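First up is the structure itself, then whatever we jot down about it.
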Protein chains: 2
Amino acid sequence: MGNEINDTNAVAEQAPKARPRKVTQAQDAQAQILDAIDELFYREGARAVGVDAIVKRAGVNKMSLYRQFASKDALMLHYLAGREARFWKYFDASVAKHPGKPREQLQQVFVDMAERVGRPGYRGCPFVNIAVEFPDPAHPVRGVVAENKKQLMARLLKLATQAGARDPQALADGAALLIEGGYTATQTYAPGHPLIAALPQVAAAMIATACDAAD
Amino acid sequence: MGNEINDTNAVAEQAPKARPRKVTQAQDAQAQILDAIDELFYREGARAVGVDAIVKRAGVNKMSLYRQFASKDALMLHYLAGREARFWKYFDASVAKHPGKPREQLQQVFVDMAERVGRPGYRGCPFVNIAVEFPDPAHPVRGVVAENKKQLMARLLKLATQAGARDPQALADGAALLIEGGYTATQTYAPGHPLIAALPQVAAAMIATACDAAD
DNA sequence: GAATGATGTTACCGATCGGTAACAATGCTT
DNA sequence: AAGCATTGTTACCGATCGGTAACATCATTC
């Protein structure tokens with residue numbers, strides 16, 4: 001509601017010790033912080049990025065950060081929540097391209113993933129990265145990672161079942177391994193490595209073997 | 001009242017403080033340091049482990065470390081060299097179990113790997129981990145990782161070719177993706193997750209599809 | 001206009017980071 | 001015994017880590 005932008009640019013009267021001060025709404029600061037960590041944590045790693053770098057990029061003050069978030073751990077949880085939402089947005093978009101055709105849906109997941117992670121500068125799966133950065137399984141971030149992968153496995157199993165695989169769990173396992181492998185290969189090999197481009201074909205062969213009649 | 005605490009600068013006259021001092025050979029200290037980093041870097045991550053923790057665990061002095069190694073980066077390179085040797089020892093051991101049978105050799109790589117990485121407390125592929133911890137592709141450690149994976153791909157391609165795959169490169173790509181996926185899944189899922197145990201079966205199906213006559 | 005609570009700013013905390021200077025003690029060589 | 005290089009020890013460096021106290025300034029409400 002209500003008020004206009006504060007005009008801090010009125011320099012008509014310069015008080016001797018009064019310095020123009022930028023006043024930000026709490027929610028604005030929060031949004032800027034979330035934008036900053038989404039970029040910084042992903043690009044450089046949560047462990048490597050300090051709060052000073054975060055506030056600098058967000059353009060807010062450090063105290064503004066700590067009045068919105070309890071700790072850096074809390075920041076990481078918010079970061080992961082945002083990344084998880086984005087992940088499912090991608091996943092659902094792939095599925096939505098082939099309504100009622102689970103086999104094509106599963107295949108499309110790999111096609112879109114290969115396109116996405118194959119781009120130069122791709123930095124890998126944020127869940128994989130943060131799991132590696134925080135080896136302690138009891139660390140809060142590990143819970144978010146586990147939950148994401150658990151739901152992913154459930155979705156894969158559902159698709160494999162709907163696709164008519166003889167052994168749906170086996171196909172879901174294979175798909176899950178290929179997904180983790182595709183993510184990781186972008187870092188150990190390279191985002192543009194032919195291995196990444198081969199991901200859809202490898203998945204296609206796996207799906208075909210699992211679904212087509214053989215025995 | 002003491003001014004003896006006050007002067008930390010000039011310690012001229014003091015009682016003879018003869019203290020027993022442990023003297024270690026340089027090579028002994030070096031070996032202890034290498035043992036320490038092999039454990040610490042792998043267990044907690046190279047980024048999370050400080051040199052103070054290293055010298056403490058190695059039982060040597062910090063200066064002894066810096067007289068043997070130029071920097072922490074140099075330590076990480078030594079660590080990776082050791083890990084690479086161990087990796088190829090495992091790989092060659094799997095291959096050696098089936099002389100002259102490339103298809104069984106390739107399969108055995110997955111069987112042994114699943115057993116190894118499925119153990120509780122497994123902390124993932126050291127190359128994957130350090131690549132994630134140091135996002136900058138120009139960092140020295142990334143070169144070691146790239147070289148290891150490049151050689152792995154070459155070995156996989158060789159095995160796939162010898163195994164008579166119709167498209168050896170496709171099989172090698174699939175195998176490489178499964179390997180990366182198996183490593184990573186131990187961290188994002190868990191070392192004891194059924195997904196890891198399913199790795200050999202998934203690989204077996206992939207190998208069969210790639211090698212058995214179809215068209 | 002005064003009170004009030006939210007925000008901005010500065011300065012600081014203890015701990016740890018990777019790395020080093022300076023010097024005391026040792027062992028080996030001659 | 002004397003010299004000498006190597007090793008052990010302490011104490012320290014500047015930078016950065018995550019996090020906070022204290023206070024100045026703001027916007028809003030009474």
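Labels used: A, B, ... for chains in the order of the structure tokens, numbers from 1 for residues in each chain, and numbers from 1 for ligands as shown.
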Residue list for chain C near chain A as a PyMOL selection string, 10 Å, only C-alpha atoms (C1' of nucleotides): chain C and resi 6-9
For the residues selected in the previous step, produce a file with N, CA and C atoms (P, O5', C5', C4', C3', O3' and C1' of nucleotides) as an mmCIF file, in the first residue's frame.
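Resulting contents of selection33.cif:
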data_model
loop_
_atom_site.group_PDB
_atom_site.id
_atom_site.type_symbol
_atom_site.label_atom_id
_atom_site.label_comp_id
_atom_site.auth_asym_id
_atom_site.auth_seq_id
_atom_site.Cartn_x
_atom_site.Cartn_y
_atom_site.Cartn_z
ATOM 1 P P DA C 6 9.566 -4.220 14.905
ATOM 2 O "O5'" DA C 6 10.242 -3.883 13.501
ATOM 3 C "C5'" DA C 6 9.452 -3.324 12.450
ATOM 4 C "C4'" DA C 6 10.340 -2.567 11.491
ATOM 5 C "C3'" DA C 6 11.518 -3.375 10.948
ATOM 6 O "O3'" DA C 6 11.592 -3.228 9.546
ATOM 7 C "C1'" DA C 6 12.265 -1.324 11.849
ATOM 8 P P DT C 7 12.506 -4.174 8.698
ATOM 9 O "O5'" DT C 7 13.780 -3.269 8.391
ATOM 10 C "C5'" DT C 7 13.650 -2.150 7.531
ATOM 11 C "C4'" DT C 7 14.822 -1.229 7.705
ATOM 12 C "C3'" DT C 7 16.182 -1.795 7.270
ATOM 13 O "O3'" DT C 7 16.557 -1.214 6.045
ATOM 14 C "C1'" DT C 7 16.303 -0.486 9.279
ATOM 15 P P DG C 8 17.974 -1.581 5.392
ATOM 16 O "O5'" DG C 8 18.969 -0.502 5.994
ATOM 17 C "C5'" DG C 8 18.820 0.861 5.619
ATOM 18 C "C4'" DG C 8 20.027 1.684 6.084
ATOM 19 C "C3'" DG C 8 21.369 1.131 5.620
ATOM 20 O "O3'" DG C 8 22.230 2.226 5.283
ATOM 21 C "C1'" DG C 8 21.301 1.191 8.017
ATOM 22 P P DT C 9 23.620 1.989 4.624
ATOM 23 O "O5'" DT C 9 24.609 2.075 5.867
ATOM 24 C "C5'" DT C 9 24.546 3.216 6.715
ATOM 25 C "C4'" DT C 9 25.579 3.100 7.830
ATOM 26 C "C3'" DT C 9 26.888 2.417 7.429
ATOM 27 O "O3'" DT C 9 27.941 3.340 7.583
ATOM 28 C "C1'" DT C 9 26.062 1.598 9.523
#
Check: which chain D residues lie within 9 Å of chain A using only C-alpha atoms (C1' of nucleotides), as a ChimeraX atom specification: /D:16-20,25-26
Near-Arg103 of chain A list (9 Å; only C-alpha atoms (C1' of nucleotides); drop same-chain fewer than 4 positions) as a ChimeraX atom specification: /A:98,107-108,159-160,162-164,207,211
DSSP helix (DSSP H, G or I) residues within segment 9-215 of chain B, listed as number ranges by chain: B: 26-44, 51-58, 62-68, 72-96, 102-117, 126-133, 140-162, 168-188, 194-197, 199-211
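Atom CA of Leu77 of chain A sits 29.6 Å away from atom CA of Met76 of chain B.
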Nearby residues (only C-alpha atoms (C1' of nucleotides)) at most 7 Å from Ile196 of chain B, same-chain spacing under 5 positions excluded, as a ChimeraX atom specification: /B:114,118,182,191
Per-residue nearest contacts of segment 67-145 of chain A to segment 122-137 of chain B (8 Å; only C-alpha atoms) as JSON lines:
{"residue": "A:Arg123", "atom": "CA", "partner": "B:Pro135", "partner_atom": "CA", "distance": 7.5}
{"residue": "A:Asn129", "atom": "CA", "partner": "B:Val132", "partner_atom": "CA", "distance": 5.9}
{"residue": "A:Val132", "atom": "CA", "partner": "B:Asn129", "partner_atom": "CA", "distance": 5.9}
{"residue": "A:Glu133", "atom": "CA", "partner": "B:Glu133", "partner_atom": "CA", "distance": 6.5}
{"residue": "A:Pro135", "atom": "CA", "partner": "B:Arg123", "partner_atom": "CA", "distance": 7.5}
Could you write those residues out with N, CA and C atoms, as a PDB file, in the first residue's frame?
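selection24.pdb, written as the output of this step:
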ATOM      1  N   ARG A 123      27.184 -26.039 -13.898  1.00  0.00           N
ATOM      2  CA  ARG A 123      27.966 -26.328 -12.704  1.00  0.00           C
ATOM      3  C   ARG A 123      27.477 -27.551 -11.939  1.00  0.00           C
ATOM      4  N   ASN A 129      26.150 -31.228  -5.472  1.00  0.00           N
ATOM      5  CA  ASN A 129      27.247 -30.377  -5.034  1.00  0.00           C
ATOM      6  C   ASN A 129      27.228 -30.139  -3.536  1.00  0.00           C
ATOM      7  N   VAL A 132      28.170 -33.132  -1.487  1.00  0.00           N
ATOM      8  CA  VAL A 132      29.610 -33.375  -1.463  1.00  0.00           C
ATOM      9  C   VAL A 132      30.306 -32.370  -0.543  1.00  0.00           C
ATOM     10  N   GLU A 133      29.796 -31.152  -0.551  1.00  0.00           N
ATOM     11  CA  GLU A 133      30.435 -30.122   0.256  1.00  0.00           C
ATOM     12  C   GLU A 133      30.223 -30.314   1.753  1.00  0.00           C
ATOM     13  N   PRO A 135      29.866 -33.360   4.057  1.00  0.00           N
ATOM     14  CA  PRO A 135      29.908 -34.826   4.158  1.00  0.00           C
ATOM     15  C   PRO A 135      29.101 -35.379   5.331  1.00  0.00           C
TER      16      PRO A 135
END
Nearest candidate to chain B (options A:Tyr79, A:Trp88, A:Phe41, A:Phe69; using only C-alpha atoms): A:Phe41
